[in-house]
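Engineer: mmCIF, C-alpha atoms, file input-v4.cif:
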```
data_protein
#
loop_
_atom_site.group_PDB
_atom_site.id
_atom_site.type_symbol
_atom_site.label_atom_id
_atom_site.label_comp_id
_atom_site.auth_asym_id
_atom_site.auth_seq_id
_atom_site.Cartn_x
_atom_site.Cartn_y
_atom_site.Cartn_z
ATOM 1 C CA LEU A 1 14.305 -23.999 -4.865
ATOM 2 C CA LEU A 2 13.288 -23.246 -1.267
ATOM 3 C CA GLU A 3 11.775 -26.694 -0.722
ATOM 4 C CA ILE A 4 8.746 -25.279 1.096
ATOM 5 C CA ASN A 5 5.760 -27.611 1.097
ATOM 6 C CA GLN A 6 2.865 -25.149 1.353
ATOM 7 C CA VAL A 7 -0.144 -24.119 -0.699
ATOM 8 C CA TYR A 8 -1.327 -20.582 -1.473
ATOM 9 C CA ILE A 9 -5.117 -20.255 -1.674
ATOM 10 C CA PRO A 10 -6.559 -16.941 -2.916
ATOM 11 C CA LEU A 11 -9.882 -16.018 -1.308
ATOM 12 C CA LYS A 12 -12.260 -13.190 -2.043
ATOM 13 C CA VAL A 13 -13.101 -11.682 1.346
ATOM 14 C CA LEU A 14 -15.886 -9.197 1.900
ATOM 15 C CA PRO A 15 -15.441 -6.624 4.698
ATOM 16 C CA THR A 16 -18.171 -8.351 6.718
ATOM 17 C CA GLN A 17 -16.197 -11.625 6.541
ATOM 18 C CA LEU A 18 -12.811 -10.286 7.604
ATOM 19 C CA GLU A 19 -12.987 -11.170 11.307
ATOM 20 C CA SER A 20 -14.130 -14.758 10.670
ATOM 21 C CA ILE A 21 -11.488 -15.276 7.980
ATOM 22 C CA ILE A 22 -8.751 -14.069 10.332
ATOM 23 C CA GLU A 23 -9.964 -16.561 12.953
ATOM 24 C CA LEU A 24 -9.861 -19.247 10.267
ATOM 25 C CA VAL A 25 -6.223 -18.293 9.626
ATOM 26 C CA ARG A 26 -5.453 -18.353 13.364
ATOM 27 C CA ASN A 27 -6.827 -21.885 13.733
ATOM 28 C CA ASN A 28 -5.751 -23.451 10.457
ATOM 29 C CA PHE A 29 -3.019 -21.659 8.522
ATOM 30 C CA ARG A 30 0.637 -20.677 8.856
ATOM 31 C CA GLY A 31 -0.137 -17.212 7.516
ATOM 32 C CA CYS A 32 -1.752 -15.222 4.746
ATOM 33 C CA SER A 33 -1.514 -12.186 2.522
ATOM 34 C CA VAL A 34 -3.851 -9.227 2.909
ATOM 35 C CA SER A 35 -4.928 -7.123 -0.055
ATOM 36 C CA MET A 36 -7.093 -4.080 -0.734
ATOM 37 C CA PRO A 37 -9.305 -2.987 0.959
ATOM 38 C CA HIS A 38 -8.422 -4.843 4.185
ATOM 39 C CA LYS A 39 -4.847 -3.707 4.956
ATOM 40 C CA ILE A 40 -5.853 -1.215 7.642
ATOM 41 C CA GLU A 41 -8.983 -2.852 9.065
ATOM 42 C CA VAL A 42 -7.249 -6.203 9.637
ATOM 43 C CA ILE A 43 -4.963 -4.707 12.296
ATOM 44 C CA LYS A 44 -7.632 -4.878 15.001
ATOM 45 C CA TYR A 45 -7.783 -8.681 14.673
ATOM 46 C CA LEU A 46 -4.033 -9.255 15.133
ATOM 47 C CA ASP A 47 -2.012 -9.910 18.271
ATOM 48 C CA SER A 48 0.998 -7.779 17.371
ATOM 49 C CA LEU A 49 2.632 -5.752 14.617
ATOM 50 C CA GLU A 50 6.179 -5.823 13.335
ATOM 51 C CA GLU A 51 7.863 -2.388 13.089
ATOM 52 C CA SER A 52 7.110 -1.842 9.388
ATOM 53 C CA ALA A 53 3.394 -2.449 9.986
ATOM 54 C CA LYS A 54 3.384 -0.123 13.004
ATOM 55 C CA LYS A 55 5.135 2.590 11.010
ATOM 56 C CA CYS A 56 2.782 2.321 8.043
ATOM 57 C CA GLY A 57 -0.426 1.620 9.950
ATOM 58 C CA ALA A 58 -1.210 -1.143 7.470
ATOM 59 C CA VAL A 59 -0.604 -4.887 7.083
ATOM 60 C CA ASN A 60 -0.197 -6.982 3.955
ATOM 61 C CA THR A 61 1.275 -10.152 5.451
ATOM 62 C CA ILE A 62 0.222 -12.129 8.513
ATOM 63 C CA LEU A 63 2.268 -14.891 10.106
ATOM 64 C CA ASN A 64 0.788 -17.322 12.604
ATOM 65 C CA GLU A 65 3.305 -18.069 15.347
ATOM 66 C CA ASP A 66 1.731 -20.531 17.820
ATOM 67 C CA ASP A 67 -1.775 -19.074 17.334
ATOM 68 C CA LYS A 68 -0.464 -15.508 17.703
ATOM 69 C CA LEU A 69 -1.023 -13.478 14.559
ATOM 70 C CA ILE A 70 1.755 -11.021 13.701
ATOM 71 C CA GLY A 71 1.207 -8.357 11.039
ATOM 72 C CA TYR A 72 3.946 -7.226 8.655
ATOM 73 C CA ASN A 73 4.111 -4.681 5.866
ATOM 74 C CA THR A 74 6.268 -5.926 3.021
ATOM 75 C CA ASP A 75 4.744 -3.290 0.694
ATOM 76 C CA TYR A 76 7.005 -0.740 2.395
ATOM 77 C CA PHE A 77 10.178 -2.715 1.651
ATOM 78 C CA GLY A 78 9.074 -3.533 -1.896
ATOM 79 C CA ALA A 79 8.246 0.086 -2.711
ATOM 80 C CA LYS A 80 11.475 1.347 -1.192
ATOM 81 C CA LYS A 81 13.569 -1.195 -3.087
ATOM 82 C CA ALA A 82 11.758 -0.525 -6.378
ATOM 83 C CA ILE A 83 12.318 3.214 -6.053
ATOM 84 C CA GLU A 84 15.971 2.830 -5.020
ATOM 85 C CA THR A 85 16.679 0.298 -7.778
ATOM 86 C CA LYS A 86 14.870 1.921 -10.694
ATOM 87 C CA LEU A 87 14.958 5.618 -9.832
ATOM 88 C CA ARG A 88 17.999 5.671 -7.594
ATOM 89 C CA ASP A 89 17.757 8.972 -5.741
ATOM 90 C CA ILE A 90 14.479 10.799 -5.134
ATOM 91 C CA ALA A 91 15.812 13.021 -2.357
ATOM 92 C CA GLU A 92 14.458 16.562 -2.696
ATOM 93 C CA LYS A 93 12.399 15.553 -5.762
ATOM 94 C CA ASP A 94 8.640 16.167 -5.993
ATOM 95 C CA VAL A 95 6.531 13.017 -5.721
ATOM 96 C CA LEU A 96 2.754 12.900 -6.162
ATOM 97 C CA LEU A 97 1.112 9.887 -4.524
ATOM 98 C CA ILE A 98 -2.539 9.283 -5.329
ATOM 99 C CA GLY A 99 -4.308 7.192 -2.700
ATOM 100 C CA ALA A 100 -4.500 7.056 1.093
ATOM 101 C CA GLY A 101 -5.231 3.393 1.851
ATOM 102 C CA GLY A 102 -2.945 0.651 3.110
ATOM 103 C CA VAL A 103 -0.546 0.396 0.185
ATOM 104 C CA ALA A 104 -0.453 4.189 -0.109
ATOM 105 C CA ARG A 105 0.634 4.415 3.525
ATOM 106 C CA ALA A 106 3.490 1.990 2.884
ATOM 107 C CA ILE A 107 4.654 3.772 -0.263
ATOM 108 C CA ALA A 108 4.314 7.193 1.397
ATOM 109 C CA ASN A 109 6.585 6.078 4.235
ATOM 110 C CA ALA A 110 9.121 4.724 1.738
ATOM 111 C CA VAL A 111 9.106 8.003 -0.225
ATOM 112 C CA LYS A 112 9.602 10.032 2.963
ATOM 113 C CA ASP A 113 12.394 7.729 4.172
ATOM 114 C CA LEU A 114 14.126 8.205 0.809
ATOM 115 C CA GLY A 115 13.894 11.997 1.170
ATOM 116 C CA GLY A 116 11.265 12.696 -1.490
ATOM 117 C CA ASN A 117 9.081 15.822 -1.308
ATOM 118 C CA LEU A 118 5.755 14.040 -0.908
ATOM 119 C CA THR A 119 2.362 15.373 -1.964
ATOM 120 C CA ILE A 120 -0.744 13.206 -1.485
ATOM 121 C CA ALA A 121 -4.059 13.350 -3.337
ATOM 122 C CA ASN A 122 -7.079 11.122 -2.764
ATOM 123 C CA ARG A 123 -10.746 10.991 -3.789
ATOM 124 C CA THR A 124 -11.485 11.957 -0.189
ATOM 125 C CA TYR A 125 -9.381 15.010 0.629
ATOM 126 C CA GLY A 126 -9.684 14.404 4.395
ATOM 127 C CA LYS A 127 -7.931 11.039 4.076
ATOM 128 C CA ALA A 128 -5.148 12.574 1.996
ATOM 129 C CA LYS A 129 -4.753 15.374 4.541
ATOM 130 C CA SER A 130 -4.696 12.959 7.480
ATOM 131 C CA LEU A 131 -1.948 10.828 5.921
ATOM 132 C CA ALA A 132 -0.005 13.906 4.815
ATOM 133 C CA ASP A 133 -0.147 15.379 8.328
ATOM 134 C CA LYS A 134 1.230 12.145 9.833
ATOM 135 C CA LEU A 135 4.178 12.234 7.451
ATOM 136 C CA GLU A 136 4.795 15.984 7.341
ATOM 137 C CA ALA A 137 3.815 15.976 3.683
ATOM 138 C CA ARG A 138 1.435 18.087 1.621
ATOM 139 C CA ALA A 139 -2.117 17.220 0.547
ATOM 140 C CA ILE A 140 -3.940 18.453 -2.528
ATOM 141 C CA ASP A 141 -7.425 17.959 -3.935
ATOM 142 C CA ILE A 142 -7.686 15.108 -6.437
ATOM 143 C CA GLU A 143 -8.853 17.625 -9.047
ATOM 144 C CA ASP A 144 -5.438 19.309 -8.820
ATOM 145 C CA ALA A 145 -3.544 16.105 -9.662
ATOM 146 C CA ASN A 146 -3.862 16.710 -13.408
ATOM 147 C CA SER A 147 -2.018 20.028 -13.162
ATOM 148 C CA PHE A 148 0.641 18.848 -10.698
ATOM 149 C CA SER A 149 4.128 18.266 -12.046
ATOM 150 C CA GLY A 150 7.124 16.599 -10.483
ATOM 151 C CA TYR A 151 9.606 13.790 -10.714
ATOM 152 C CA LEU A 152 7.440 10.776 -9.800
ATOM 153 C CA LEU A 153 3.713 10.006 -10.062
ATOM 154 C CA ILE A 154 2.458 7.038 -8.026
ATOM 155 C CA ASN A 155 -0.982 5.447 -8.379
ATOM 156 C CA ALA A 156 -1.713 3.646 -5.089
ATOM 157 C CA THR A 157 -5.418 3.128 -5.757
ATOM 158 C CA ARG A 158 -7.590 0.405 -7.303
ATOM 159 C CA ILE A 159 -8.087 2.563 -10.389
ATOM 160 C CA GLY A 160 -7.047 0.445 -13.355
ATOM 161 C CA MET A 161 -7.515 -2.945 -11.698
ATOM 162 C CA ASP A 162 -11.044 -3.648 -12.863
ATOM 163 C CA ASN A 163 -10.716 -1.731 -16.113
ATOM 164 C CA PRO A 164 -7.182 -1.427 -17.539
ATOM 165 C CA GLU A 165 -8.309 1.517 -19.677
ATOM 166 C CA GLU A 166 -9.302 3.557 -16.599
ATOM 167 C CA MET A 167 -6.723 6.088 -15.416
ATOM 168 C CA ILE A 168 -6.307 8.000 -12.160
ATOM 169 C CA VAL A 169 -5.140 11.135 -14.005
ATOM 170 C CA ALA A 170 -5.687 12.422 -17.525
ATOM 171 C CA GLU A 171 -3.362 10.761 -20.021
ATOM 172 C CA ASN A 172 -1.613 14.038 -20.859
ATOM 173 C CA ALA A 173 -0.922 14.662 -17.138
ATOM 174 C CA ILE A 174 1.560 11.780 -17.177
ATOM 175 C CA ASP A 175 3.826 14.002 -19.285
ATOM 176 C CA ASN A 176 4.224 16.208 -16.189
ATOM 177 C CA PHE A 177 6.436 13.532 -14.575
ATOM 178 C CA ASP A 178 9.768 11.861 -15.307
ATOM 179 C CA ALA A 179 8.633 8.494 -13.919
ATOM 180 C CA VAL A 180 5.418 6.669 -13.020
ATOM 181 C CA MET A 181 4.836 3.902 -10.469
ATOM 182 C CA ASP A 182 1.578 1.945 -10.388
ATOM 183 C CA VAL A 183 0.352 -0.629 -7.860
ATOM 184 C CA VAL A 184 -2.289 -2.064 -10.164
ATOM 185 C CA VAL A 185 -2.193 -5.852 -10.332
ATOM 186 C CA SER A 186 -4.098 -8.029 -12.748
ATOM 187 C CA GLN A 187 -7.112 -9.834 -11.396
#
```
Show how you would write the structure in this file as structure tokens.

Structural biologist:
Amino acid sequence: LLEINQVYIPLKVLPTQLESIIELVRNNFRGCSVSMPHKIEVIKYLDSLEESAKKCGAVNTILNEDDKLIGYNTDYFGAKKAIETKLRDIAEKDVLLIGAGGVARAIANAVKDLGGNLTIANRTYGKAKSLADKLEARAIDIEDANSFSGYLLINATRIGMDNPEEMIVAENAIDNFDAVMDVVVSQ
């Protein structure tokens, strides 16, 4: 359809390998995707950031333009479009986002830009609080997520990726929301 002659090669990258892999991209590839847990850490190895990546403080796509690596955050646009398309209007509605990593940052920015009342929970309360403070949102302890109720529950963690039966909240807590969004992808 697009007539692009390129190959996509998935690689498992350990945190200790990130810098050398990014140099490999710089010297050999047109670009790459970045997945958990590297979306924040990868920024220090890039030459510049597009506005969405600056806003979110995370990168999920890198383009190599003449050996200059530019970071983008397409998670932000994808989350925003998914929410607008499927849920329409979340303005003034309570949204609980669980997670504080790279994809959580992108989704949090999308929720705020769409006018949602954002609350963030994370296994590490300090990370939830830090992200919430940046976005003028609220942070709660992860233990309080099961009793929270609102319009939208978003899982922006790895929970469920390795074990599809694992859940970030108790199963009955899902009934406290009108809609659920999950970033879990199959391995």

Engineer: Which residues match the PyMOL selection byres ((chain A and resi 139) around 6) in the file above, as a PyMOL selection string?

Structural biologist: chain A and resi 119-121+128-129+132+138+140

Engineer: Excluding same-chain residues fewer than 2 positions from Asp144 of chain A, what lies within 12 Å of it counting all atoms listed in the file, as a ChimeraX atom specification?

Structural biologist: /A:96,98,119-123,125,139-142,146-149,168-170,173

Engineer: If I take atom CA of Val184 of chain A and atom CA of Asn155 of chain A, how far is one from the other in Å, to one decimal?

Structural biologist: 7.8 Å

Engineer: Using 3 Å of padding on each side, determine the axis-aligned box around all atoms of segment 86-98 of chain A present in the file and give its centre and edge lengths in Å to one decimal, as AutoDock Vina command-line options.

Structural biologist:
```
--center_x 7.7 --center_y 9.2 --center_z -6.5 --size_x 26.5 --size_y 20.6 --size_z 14.3
```

Engineer: If we count only C-alpha atoms, what is near segment 10-24 of chain A at a cut-off of 12 Å, once residues fewer than 4 positions away on the same chain are taken out, given as a PyMOL selection string?

Structural biologist: chain A and resi 28-47+61-64+67-71+187

Engineer: One decimal, Å: what's the distance from atom CA of Glu92 of chain A over to atom CA of Lys127 of chain A, could you say?

Structural biologist: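 Here the two named atoms are 24.0 Å from each other.
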
Engineer: For the provided coordinates, the residues matched by the PyMOL selection byres ((chain A and resi 109) around 12) should be stated as a VMD selection string.

Structural biologist: chain A and resid 52 to 58 73 75 to 80 97 100 102 to 108 110 to 120 131 to 132 134 to 137

Engineer: Do you have the atom CA of Ser48 of chain A-atom CA of Val7 of chain A distance handy?

Structural biologist: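 Taking atom CA of Ser48 of chain A as the start and atom CA of Val7 of chain A as the end point, the length is 24.4 Å.
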
Engineer: Write out as a PyMOL selection string which residues come within 8 Å of Gly150 of chain A when counting all atoms listed in the file, dropping same-chain ones fewer than 6 positions away.

Structural biologist: chain A and resi 93-96+176-178

Engineer: Would you please work out which residue, of A:Ile9, A:Ala179, A:Ile154, A:Leu2, is nearest to Met167 of chain A when using all atoms listed in the file?

Structural biologist: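 For Met167 of chain A, the nearest of the given residues is A:Ile154.
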
Engineer: Out of A:Arg26, A:Asn163, A:Leu152, A:Arg158, which residue has the shortest atom-to-atom distance to Leu87 of chain A when counting all atoms listed in the file?

Structural biologist: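 Distance minimum relative to Leu87 of chain A lands on A:Leu152.
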
Engineer: Looking at only C-alpha atoms, which of A:Gly126, A:Asn172, A:Leu1, A:Met181 is the one that sits closest to Tyr151 of chain A?

Structural biologist: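 Selected residue with least distance to Tyr151 of chain A: A:Met181.
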
Engineer: Which residue out of A:Ala145, A:Leu153, A:Leu49, A:Ile159 has the minimum interatomic distance to Ile90 of chain A when all atoms listed in the file are used?

Structural biologist: A:Leu153
